[in-house]
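Engineer: As input, take data_8.cif (mmCIF, C-alpha atoms):
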```cif
data_target
loop_
_atom_site.label_atom_id
_atom_site.label_comp_id
_atom_site.auth_asym_id
_atom_site.auth_seq_id
_atom_site.Cartn_x
_atom_site.Cartn_y
_atom_site.Cartn_z
CA MET A 66 -25.49 36.33 -21.33
CA ARG A 67 -23.17 34.96 -18.64
CA GLN A 68 -23.36 38.22 -16.72
CA ARG A 69 -27.18 38.29 -16.86
CA LEU A 70 -27.30 34.72 -15.55
CA MET A 71 -24.86 35.48 -12.74
CA GLU A 72 -26.83 38.55 -11.64
CA ALA A 73 -30.16 36.74 -11.84
CA THR A 74 -28.78 33.91 -9.70
CA VAL A 75 -27.58 36.24 -6.96
CA ASP A 76 -30.87 38.18 -7.09
CA SER A 77 -32.82 34.96 -6.75
CA LEU A 78 -30.75 33.75 -3.78
CA VAL A 79 -31.22 37.12 -2.07
CA GLU A 80 -34.98 37.14 -2.66
CA PHE A 81 -35.96 33.46 -2.36
CA GLY A 82 -33.06 31.80 -0.54
CA TRP A 83 -31.33 28.55 -1.48
CA ALA A 84 -34.45 26.38 -1.46
CA GLY A 85 -36.44 28.86 -3.57
CA THR A 86 -33.73 29.26 -6.20
CA THR A 87 -34.16 26.93 -9.17
CA THR A 88 -32.58 26.90 -12.61
CA THR A 89 -36.03 27.64 -14.04
CA VAL A 90 -36.49 30.75 -11.87
CA VAL A 91 -33.03 31.99 -12.85
CA SER A 92 -33.34 31.41 -16.60
CA ARG A 93 -36.70 33.20 -16.66
CA ARG A 94 -35.34 36.13 -14.64
CA ALA A 95 -32.24 36.41 -16.84
CA GLY A 96 -34.25 36.11 -20.06
CA VAL A 97 -32.02 33.25 -21.19
CA SER A 98 -33.32 30.05 -22.78
CA ARG A 99 -33.23 26.90 -20.65
CA GLY A 100 -31.11 25.21 -23.28
CA ALA A 101 -28.47 27.91 -23.32
CA GLN A 102 -28.35 28.03 -19.55
CA LEU A 103 -28.04 24.28 -19.12
CA HIS A 104 -25.29 24.23 -21.72
CA HIS A 105 -23.17 26.56 -19.59
CA PHE A 106 -24.34 25.48 -16.13
CA PRO A 107 -25.72 21.93 -16.04
CA SER A 108 -26.92 22.13 -12.42
CA LYS A 109 -28.12 24.59 -9.80
CA GLN A 110 -24.88 24.00 -7.89
CA ASP A 111 -22.73 24.93 -10.91
CA LEU A 112 -24.79 28.05 -11.43
CA VAL A 113 -24.72 29.21 -7.81
CA LEU A 114 -21.01 28.54 -7.28
CA ALA A 115 -20.13 30.44 -10.46
CA ALA A 116 -22.45 33.33 -9.58
CA VAL A 117 -21.13 33.83 -6.04
CA ASP A 118 -17.56 33.71 -7.37
CA TYR A 119 -18.22 36.12 -10.25
CA ILE A 120 -20.25 38.70 -8.33
CA THR A 121 -17.91 38.66 -5.31
CA GLU A 122 -14.98 39.39 -7.62
CA ARG A 123 -16.82 42.15 -9.46
CA ARG A 124 -17.99 43.76 -6.24
CA ARG A 125 -14.47 43.73 -4.80
CA THR A 126 -13.12 45.40 -7.95
CA GLU A 127 -15.85 48.05 -7.90
CA LEU A 128 -15.26 48.87 -4.27
CA GLU A 129 -11.52 49.11 -4.74
CA ALA A 130 -11.95 51.44 -7.68
CA GLY A 131 -14.11 53.67 -5.50
CA ILE A 132 -11.30 54.17 -3.04
CA ALA A 133 -8.37 54.66 -5.36
CA ASP A 134 -7.58 57.82 -3.46
CA LEU A 135 -7.76 56.84 0.19
CA PRO A 136 -7.28 59.80 2.52
CA GLU A 137 -4.23 59.71 4.79
CA GLU A 138 -6.41 61.05 7.61
CA GLY A 139 -8.96 58.41 8.59
CA ARG A 140 -7.53 55.86 6.19
CA THR A 141 -8.08 52.87 8.50
CA ARG A 142 -11.74 53.72 8.99
CA ALA A 143 -12.18 54.11 5.22
CA VAL A 144 -10.60 50.69 4.65
CA LEU A 145 -12.96 49.14 7.22
CA GLU A 146 -15.89 50.66 5.35
CA VAL A 147 -14.75 49.03 2.11
CA LEU A 148 -14.29 45.64 3.77
CA SER A 149 -17.52 45.83 5.72
CA SER A 150 -19.48 46.82 2.59
CA GLN A 151 -18.50 43.52 0.99
CA PHE A 152 -20.13 41.64 3.87
CA THR A 153 -23.36 43.62 3.99
CA SER A 154 -24.05 43.56 0.25
CA PRO A 155 -26.56 41.33 -1.56
CA VAL A 156 -23.76 39.06 -2.74
CA PHE A 157 -22.86 38.28 0.88
CA PHE A 158 -26.47 37.34 1.58
CA ALA A 159 -26.40 35.12 -1.52
CA ALA A 160 -23.11 33.55 -0.42
CA LEU A 161 -24.57 32.94 3.04
CA GLU A 162 -27.41 30.92 1.50
CA LEU A 163 -24.79 28.83 -0.29
CA TRP A 164 -22.54 28.39 2.80
CA VAL A 165 -25.46 27.30 4.97
CA ALA A 166 -26.82 24.87 2.37
CA ALA A 167 -23.32 23.41 2.07
CA ARG A 168 -23.06 22.72 5.80
CA THR A 169 -25.57 19.85 5.51
CA ASP A 170 -24.61 18.67 1.99
CA ALA A 171 -21.26 16.86 1.80
CA ALA A 172 -20.78 17.12 -1.99
CA LEU A 173 -21.58 20.83 -2.06
CA ARG A 174 -19.45 21.47 1.03
CA GLU A 175 -16.25 20.46 -0.71
CA GLN A 176 -16.79 22.85 -3.61
CA VAL A 177 -17.95 25.68 -1.38
CA GLY A 178 -14.97 25.10 0.90
CA ASP A 179 -12.59 25.60 -2.04
CA LEU A 180 -14.41 28.75 -3.16
CA GLU A 181 -14.58 30.13 0.36
CA ARG A 182 -10.85 29.61 0.97
CA ARG A 183 -9.97 31.35 -2.30
CA ILE A 184 -12.28 34.31 -1.62
CA GLY A 185 -10.89 34.43 1.91
CA ARG A 186 -7.28 34.60 0.70
CA GLU A 187 -8.11 37.33 -1.83
CA THR A 188 -10.01 39.42 0.70
CA HIS A 189 -7.17 39.01 3.18
CA ALA A 190 -4.61 40.16 0.58
CA GLN A 191 -6.83 43.13 -0.26
CA ALA A 192 -7.08 44.11 3.41
CA VAL A 193 -3.31 43.93 3.89
CA GLU A 194 -2.75 46.05 0.81
CA LEU A 195 -5.36 48.66 1.70
CA LEU A 196 -4.12 48.93 5.28
CA ASP A 197 -0.62 49.25 3.85
CA ILE A 198 1.03 47.04 6.46
CA ASP A 199 3.73 44.40 6.61
CA GLU A 200 1.85 41.41 7.92
CA SER A 201 4.97 39.62 9.17
CA ARG A 202 5.32 42.20 11.94
CA GLY A 203 3.95 41.72 15.47
CA ARG A 204 0.29 40.64 15.61
CA ASN A 205 -0.53 42.27 12.26
CA ARG A 206 -1.55 39.05 10.54
CA GLN A 207 -3.94 38.01 13.32
CA LEU A 208 -5.38 41.52 13.55
CA VAL A 209 -6.21 41.46 9.83
CA GLN A 210 -7.81 38.02 10.24
CA ALA A 211 -9.78 39.27 13.23
CA THR A 212 -10.92 42.29 11.21
CA LEU A 213 -12.28 40.03 8.47
CA ASP A 214 -14.01 37.77 10.99
CA LEU A 215 -15.48 40.89 12.61
CA VAL A 216 -16.93 42.21 9.34
CA ARG A 217 -18.27 38.71 8.59
CA GLY A 218 -20.00 38.72 11.97
CA LEU A 219 -21.37 42.20 11.28
CA GLY A 220 -22.62 40.94 7.93
CA LEU A 221 -24.55 38.16 9.63
CA ALA A 222 -26.07 40.67 12.06
CA ALA A 223 -27.21 42.76 9.08
CA THR A 224 -29.27 39.95 7.55
CA LEU A 225 -32.30 40.39 9.80
CA SER A 226 -32.52 44.15 10.31
CA ASP A 227 -30.86 47.45 9.51
CA ASP A 228 -27.86 47.38 11.81
CA SER A 229 -25.97 50.30 10.25
CA THR A 230 -25.88 52.68 13.24
CA ARG A 231 -24.51 50.05 15.62
CA ARG A 232 -22.11 48.84 12.92
CA ALA A 233 -20.70 52.34 12.30
CA ALA A 234 -19.95 52.84 16.01
CA ILE A 235 -18.22 49.46 16.21
CA LEU A 236 -16.11 50.17 13.14
CA ASP A 237 -15.14 53.58 14.56
CA ALA A 238 -13.85 51.88 17.71
CA TRP A 239 -12.17 49.11 15.70
CA ALA A 240 -10.34 51.66 13.52
CA THR A 241 -8.95 53.40 16.61
CA THR A 242 -7.92 50.03 18.00
CA LEU A 243 -6.16 49.00 14.78
CA ASP A 244 -4.32 52.32 14.62
CA HIS A 245 -3.01 51.68 18.15
CA GLU A 246 -2.21 48.01 17.71
CA LEU A 247 -0.96 47.47 14.15
CA GLU A 248 2.81 47.70 13.84
CA ARG A 249 3.71 50.08 11.04
CA MET B 36 -40.54 15.68 27.56
CA ARG B 37 -39.97 19.34 26.74
CA GLN B 38 -36.24 18.92 27.09
CA ARG B 39 -36.20 15.86 24.80
CA LEU B 40 -38.14 17.79 22.16
CA MET B 41 -35.83 20.79 22.41
CA GLU B 42 -32.72 18.65 22.04
CA ALA B 43 -34.17 16.66 19.17
CA THR B 44 -35.07 19.89 17.35
CA VAL B 45 -31.56 21.30 17.63
CA ASP B 46 -30.04 17.94 16.61
CA SER B 47 -32.31 17.81 13.57
CA LEU B 48 -31.41 21.38 12.51
CA VAL B 49 -27.71 20.58 12.87
CA GLU B 50 -27.99 17.36 10.87
CA PHE B 51 -30.64 18.15 8.24
CA GLY B 52 -30.84 21.96 8.15
CA TRP B 53 -33.98 24.08 8.17
CA ALA B 54 -35.58 22.49 5.11
CA GLY B 55 -34.94 18.94 6.35
CA THR B 56 -36.35 19.59 9.83
CA THR B 57 -40.02 18.65 10.16
CA THR B 58 -42.24 18.17 13.18
CA THR B 59 -42.48 14.47 12.22
CA VAL B 60 -38.70 14.02 12.22
CA VAL B 61 -38.43 15.74 15.59
CA SER B 62 -41.22 13.83 17.35
CA ARG B 63 -39.78 10.52 16.16
CA ARG B 64 -36.28 11.47 17.27
CA ALA B 65 -37.53 12.67 20.66
CA GLY B 66 -39.73 9.61 21.16
CA VAL B 67 -42.71 11.87 21.81
CA SER B 68 -46.16 11.30 20.34
CA ARG B 69 -47.27 13.63 17.56
CA GLY B 70 -50.31 14.62 19.62
CA ALA B 71 -48.27 15.61 22.66
CA GLN B 72 -45.81 17.54 20.53
CA LEU B 73 -48.47 19.46 18.62
CA HIS B 74 -50.20 20.31 21.88
CA HIS B 75 -47.10 22.12 23.09
CA PHE B 76 -45.75 23.36 19.76
CA PRO B 77 -48.41 23.68 17.07
CA SER B 78 -45.95 24.49 14.26
CA LYS B 79 -42.38 23.93 13.16
CA GLN B 80 -41.71 27.62 13.79
CA ASP B 81 -42.92 27.42 17.41
CA LEU B 82 -40.78 24.35 17.96
CA VAL B 83 -37.60 25.79 16.44
CA LEU B 84 -37.87 29.19 18.13
CA ALA B 85 -38.41 27.55 21.52
CA ALA B 86 -35.57 25.09 20.97
CA VAL B 87 -32.99 27.68 19.95
CA ASP B 88 -33.99 29.82 22.93
CA TYR B 89 -33.91 26.95 25.43
CA ILE B 90 -30.66 25.34 24.29
CA THR B 91 -28.85 28.68 23.96
CA GLU B 92 -29.79 29.51 27.53
CA ARG B 93 -28.76 26.11 28.84
CA ARG B 94 -25.44 26.18 27.00
CA ARG B 95 -24.63 29.64 28.35
CA THR B 96 -25.33 28.47 31.91
CA GLU B 97 -23.19 25.34 31.47
CA LEU B 98 -20.28 27.32 30.09
CA GLU B 99 -20.47 29.88 32.86
CA ALA B 100 -20.49 27.18 35.50
CA GLY B 101 -17.35 25.73 33.94
CA ILE B 102 -15.46 28.94 34.50
CA ALA B 103 -16.61 29.87 37.99
CA ASP B 104 -12.98 30.26 38.95
CA LEU B 105 -11.45 32.31 36.17
CA PRO B 106 -7.71 32.70 36.58
CA GLU B 107 -6.40 36.23 37.09
CA GLU B 108 -3.56 35.43 34.72
CA GLY B 109 -4.94 34.99 31.20
CA ARG B 110 -8.45 35.88 32.24
CA THR B 111 -9.30 37.77 29.04
CA ARG B 112 -8.26 34.84 26.86
CA ALA B 113 -10.34 32.46 29.02
CA VAL B 114 -13.37 34.74 28.64
CA LEU B 115 -12.90 34.81 24.85
CA GLU B 116 -12.84 31.00 24.87
CA VAL B 117 -16.18 30.90 26.70
CA LEU B 118 -17.77 33.39 24.32
CA SER B 119 -16.33 31.79 21.22
CA SER B 120 -17.48 28.33 22.33
CA GLN B 121 -21.06 29.55 22.26
CA PHE B 122 -20.69 30.45 18.58
CA THR B 123 -19.01 27.22 17.46
CA SER B 124 -21.38 24.85 19.23
CA PRO B 125 -24.20 22.83 17.61
CA VAL B 126 -26.77 25.30 18.95
CA PHE B 127 -25.12 28.11 16.97
CA PHE B 128 -25.35 26.03 13.80
CA ALA B 129 -29.01 25.37 14.60
CA ALA B 130 -29.61 29.07 15.22
CA LEU B 131 -27.88 29.90 11.94
CA GLU B 132 -30.36 27.70 10.07
CA LEU B 133 -33.17 29.65 11.73
CA TRP B 134 -31.60 33.12 11.09
CA VAL B 135 -31.03 32.34 7.41
CA ALA B 136 -34.52 30.91 6.89
CA ALA B 137 -35.92 34.04 8.55
CA ARG B 138 -34.11 36.37 6.14
CA THR B 139 -36.48 35.38 3.32
CA ASP B 140 -39.64 34.82 5.43
CA ALA B 141 -41.22 38.03 6.75
CA ALA B 142 -43.40 36.41 9.45
CA LEU B 143 -40.57 34.33 10.83
CA ARG B 144 -38.17 37.29 10.64
CA GLU B 145 -40.11 39.29 13.20
CA GLN B 146 -40.05 36.49 15.78
CA VAL B 147 -36.44 35.61 15.13
CA GLY B 148 -35.50 39.29 15.37
CA ASP B 149 -37.03 39.47 18.86
CA LEU B 150 -35.25 36.29 19.96
CA GLU B 151 -31.94 37.39 18.45
CA ARG B 152 -32.06 40.79 20.18
CA ARG B 153 -32.77 39.16 23.53
CA ILE B 154 -30.01 36.58 23.15
CA GLY B 155 -27.71 39.38 21.99
CA ARG B 156 -28.43 41.49 25.08
CA GLU B 157 -27.88 38.54 27.40
CA THR B 158 -24.62 37.53 25.75
CA HIS B 159 -23.44 41.15 25.87
CA ALA B 160 -24.23 41.38 29.60
CA GLN B 161 -22.41 38.09 30.19
CA ALA B 162 -19.34 39.36 28.32
CA VAL B 163 -19.25 42.60 30.33
CA GLU B 164 -19.55 40.66 33.57
CA LEU B 165 -16.91 38.07 32.69
CA LEU B 166 -14.47 40.73 31.49
CA ASP B 167 -15.20 42.60 34.72
CA ILE B 168 -15.31 46.04 33.10
CA ASP B 169 -17.32 49.23 33.40
CA GLU B 170 -18.78 49.58 29.95
CA SER B 171 -19.44 53.30 30.29
CA ARG B 172 -15.68 53.96 30.14
CA GLY B 173 -13.82 54.83 26.93
CA ARG B 174 -14.52 52.51 24.00
CA ASN B 175 -15.33 49.58 26.29
CA ARG B 176 -18.89 49.16 25.07
CA GLN B 177 -17.92 49.10 21.40
CA LEU B 178 -15.01 46.75 22.10
CA VAL B 179 -17.39 44.28 23.74
CA GLN B 180 -19.79 44.56 20.80
CA ALA B 181 -16.90 44.07 18.38
CA THR B 182 -15.76 41.03 20.35
CA LEU B 183 -19.19 39.45 20.00
CA ASP B 184 -19.34 40.22 16.28
CA LEU B 185 -15.86 38.75 15.94
CA VAL B 186 -16.83 35.47 17.62
CA ARG B 187 -20.01 35.38 15.51
CA GLY B 188 -17.85 35.70 12.39
CA LEU B 189 -15.54 32.98 13.68
CA GLY B 190 -18.59 30.80 14.25
CA LEU B 191 -19.66 31.23 10.65
CA ALA B 192 -16.15 30.30 9.49
CA ALA B 193 -16.40 27.12 11.59
CA THR B 194 -19.50 25.83 9.81
CA LEU B 195 -17.68 24.42 6.77
CA SER B 196 -14.43 23.06 8.20
CA ASP B 197 -12.39 22.69 11.37
CA ASP B 198 -11.08 26.21 11.86
CA SER B 199 -9.84 25.76 15.44
CA THR B 200 -6.10 26.40 14.91
CA ARG B 201 -6.67 29.67 13.05
CA ARG B 202 -9.34 30.66 15.57
CA ALA B 203 -7.06 30.07 18.57
CA ALA B 204 -4.34 32.33 17.09
CA ILE B 205 -6.86 35.08 16.38
CA LEU B 206 -8.29 34.89 19.89
CA ASP B 207 -4.76 35.01 21.37
CA ALA B 208 -4.06 38.22 19.47
CA TRP B 209 -7.46 39.66 20.33
CA ALA B 210 -6.99 38.95 24.06
CA THR B 211 -3.71 40.90 24.01
CA THR B 212 -5.43 43.71 22.12
CA LEU B 213 -8.34 43.87 24.58
CA ASP B 214 -5.95 43.96 27.52
CA HIS B 215 -4.26 46.99 25.94
CA GLU B 216 -7.40 48.76 24.85
CA LEU B 217 -10.08 48.17 27.49
CA GLU B 218 -10.18 50.84 30.16
CA ARG B 219 -10.11 49.21 33.58
#
```
Write out the structure in this file as structure tokens.

Structural biologist:
Amino acid sequence: MRQRLMEATVDSLVEFGWAGTTTTVVSRRAGVSRGAQLHHFPSKQDLVLAAVDYITERRRTELEAGIADLPEEGRTRAVLEVLSSQFTSPVFFAALELWVAARTDAALREQVGDLERRIGRETHAQAVELLDIDESRGRNRQLVQATLDLVRGLGLAATLSDDSTRRAAILDAWATTLDHELER
Amino acid sequence: MRQRLMEATVDSLVEFGWAGTTTTVVSRRAGVSRGAQLHHFPSKQDLVLAAVDYITERRRTELEAGIADLPEEGRTRAVLEVLSSQFTSPVFFAALELWVAARTDAALREQVGDLERRIGRETHAQAVELLDIDESRGRNRQLVQATLDLVRGLGLAATLSDDSTRRAAILDAWATTLDHELER
């Protein structure tokens, strides 16, 4: 039941945005009784925070599983694809609705800030591991941070139109740049 | 009067978000009569699109004027500061409210898409000019695009908390990288 609720919440955020997402819409979509839903998630905020957390985690795990055997040749570009995919997926669009709502809502902002920092740390650790680098060397740490800010920016660009051709060319150039600039 | 309306619209988006911004709120804040406002901007959409366009343009001009005399030493870093400032300013937060509202509103999306592409082209041209590069060489074009996506991602990270220390370190590292990788 929890999984159905989490998926229905993300779907609703993607389709209707923050304002259009209500606990009623989500419980109907998930086929879960209002009572059961409210027992687990008393408010829309609880529901949305839990859903963004849960689906982000699941998506990261899925993507990592898909690249268990990264090629030596073109590895950096493959890693960028994995990272970028996380920021152009429905769960990123759902998270964006939450982030933007939180900007003008002080109570929500604190909770979203905590969630965002945790997701940020986990994604950073994943990037370091996939790139197989020692981040204490040279500018490695900042280059990984820049990479994650880049894919976040690309994710934002993907919200309004299909930006995949431009994105692929940028990631090609970024992979070449990282291969030159990361200290191995 | 137009300028007061444009500023009041951006201020309202920054403070109250898309949902909390109404033509009534804006006309009161601008000290402009409802009749006069509706004559120029019949709907909230007209008002917000015009305001984001106008203020973005003005902010770009202001920032450019401030760096008429870019230093030779550290020029790339200074250019990154100018570009990044445009994506951490109130007008970026206002634009973000508009972009995100447009994602789930087909009619608005078309207009915002046009505006976003135009602003994107202008910011790209500004970056090429400030960096003083020939973008037909090597990976220059993609590196400029990546730079703009990077600062957009940094802008998004700045919406929830003060991210300026982290951002400065990333831009330092990116300036060094660009100086290595751009073909002059």

Engineer: What are the residues of chain B lining chain A at 8 Å or less? Count all atoms listed in the file, and put the answer as a VMD selection string.

Structural biologist: chain B and resid 49 to 52 54 131 to 132 134 to 139 144 148 174 177 to 178 180 to 182 184 to 189 191 to 192 194 to 196 204 to 205 208 to 209 212 216

Engineer: Measuring between only C-alpha atoms, which one of A:Asp227, A:Ala159, A:Ala192, A:Ser201 shows the shortest distance to Thr141 (chain A)?

Structural biologist: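 Ranked by minimum distance to Thr141 (chain A), first place goes to A:Ala192.
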
Engineer: Rounded to one decimal in Å, what is the spacing between CA of Ala95 (chain A) and CA of Arg69 (chain A)?

Structural biologist: 5.4 Å

Engineer: Please compute the CA of Asp244 (chain A)-CA of Ser150 (chain A) distance, one decimal, in Å.

Structural biologist: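 Interatomic distance here is 20.1 Å.
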
Engineer: What residues come out when you apply the PyMOL selection byres ((chain A and resi 91) around 9) to this file, written as a ChimeraX atom specification?

Structural biologist: /A:70-71,73-74,76-77,86-90,92-97

Engineer: With only C-alpha atoms as the counted atoms, please give the residues lying no more than 12 Å from Glu92 (chain B), apart from itself and same-chain residues fewer than 2 positions off, as a list in words.

Structural biologist: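 Contacts, with the query itself left out: Met41, Ala85, Ala86, Val87, Asp88, Tyr89, Ile90, Arg94, Arg95, Thr96, Glu97, Leu98, Glu99, Gln121, Val126, Phe127, Leu150, Arg153, Ile154, Gly155, Glu157, Thr158 and Gln161 of chain B.
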
Engineer: Mind writing the picked residues with C-alpha atoms as an mmCIF file, in the frame of the given file?

Structural biologist:
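Output file again_23.cif follows:
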```
data_model
loop_
_atom_site.group_PDB
_atom_site.id
_atom_site.type_symbol
_atom_site.label_atom_id
_atom_site.label_comp_id
_atom_site.auth_asym_id
_atom_site.auth_seq_id
_atom_site.Cartn_x
_atom_site.Cartn_y
_atom_site.Cartn_z
ATOM 1 C CA MET B 41 -35.830 20.790 22.410
ATOM 2 C CA ALA B 85 -38.410 27.550 21.520
ATOM 3 C CA ALA B 86 -35.570 25.090 20.970
ATOM 4 C CA VAL B 87 -32.990 27.680 19.950
ATOM 5 C CA ASP B 88 -33.990 29.820 22.930
ATOM 6 C CA TYR B 89 -33.910 26.950 25.430
ATOM 7 C CA ILE B 90 -30.660 25.340 24.290
ATOM 8 C CA ARG B 94 -25.440 26.180 27.000
ATOM 9 C CA ARG B 95 -24.630 29.640 28.350
ATOM 10 C CA THR B 96 -25.330 28.470 31.910
ATOM 11 C CA GLU B 97 -23.190 25.340 31.470
ATOM 12 C CA LEU B 98 -20.280 27.320 30.090
ATOM 13 C CA GLU B 99 -20.470 29.880 32.860
ATOM 14 C CA GLN B 121 -21.060 29.550 22.260
ATOM 15 C CA VAL B 126 -26.770 25.300 18.950
ATOM 16 C CA PHE B 127 -25.120 28.110 16.970
ATOM 17 C CA LEU B 150 -35.250 36.290 19.960
ATOM 18 C CA ARG B 153 -32.770 39.160 23.530
ATOM 19 C CA ILE B 154 -30.010 36.580 23.150
ATOM 20 C CA GLY B 155 -27.710 39.380 21.990
ATOM 21 C CA GLU B 157 -27.880 38.540 27.400
ATOM 22 C CA THR B 158 -24.620 37.530 25.750
ATOM 23 C CA GLN B 161 -22.410 38.090 30.190
#
```

Engineer: So the first atom is CA of Val193 (chain A) and the second is CA of Glu146 (chain A); what is the distance between them in Å, to one decimal place?

Structural biologist: 14.3 Å
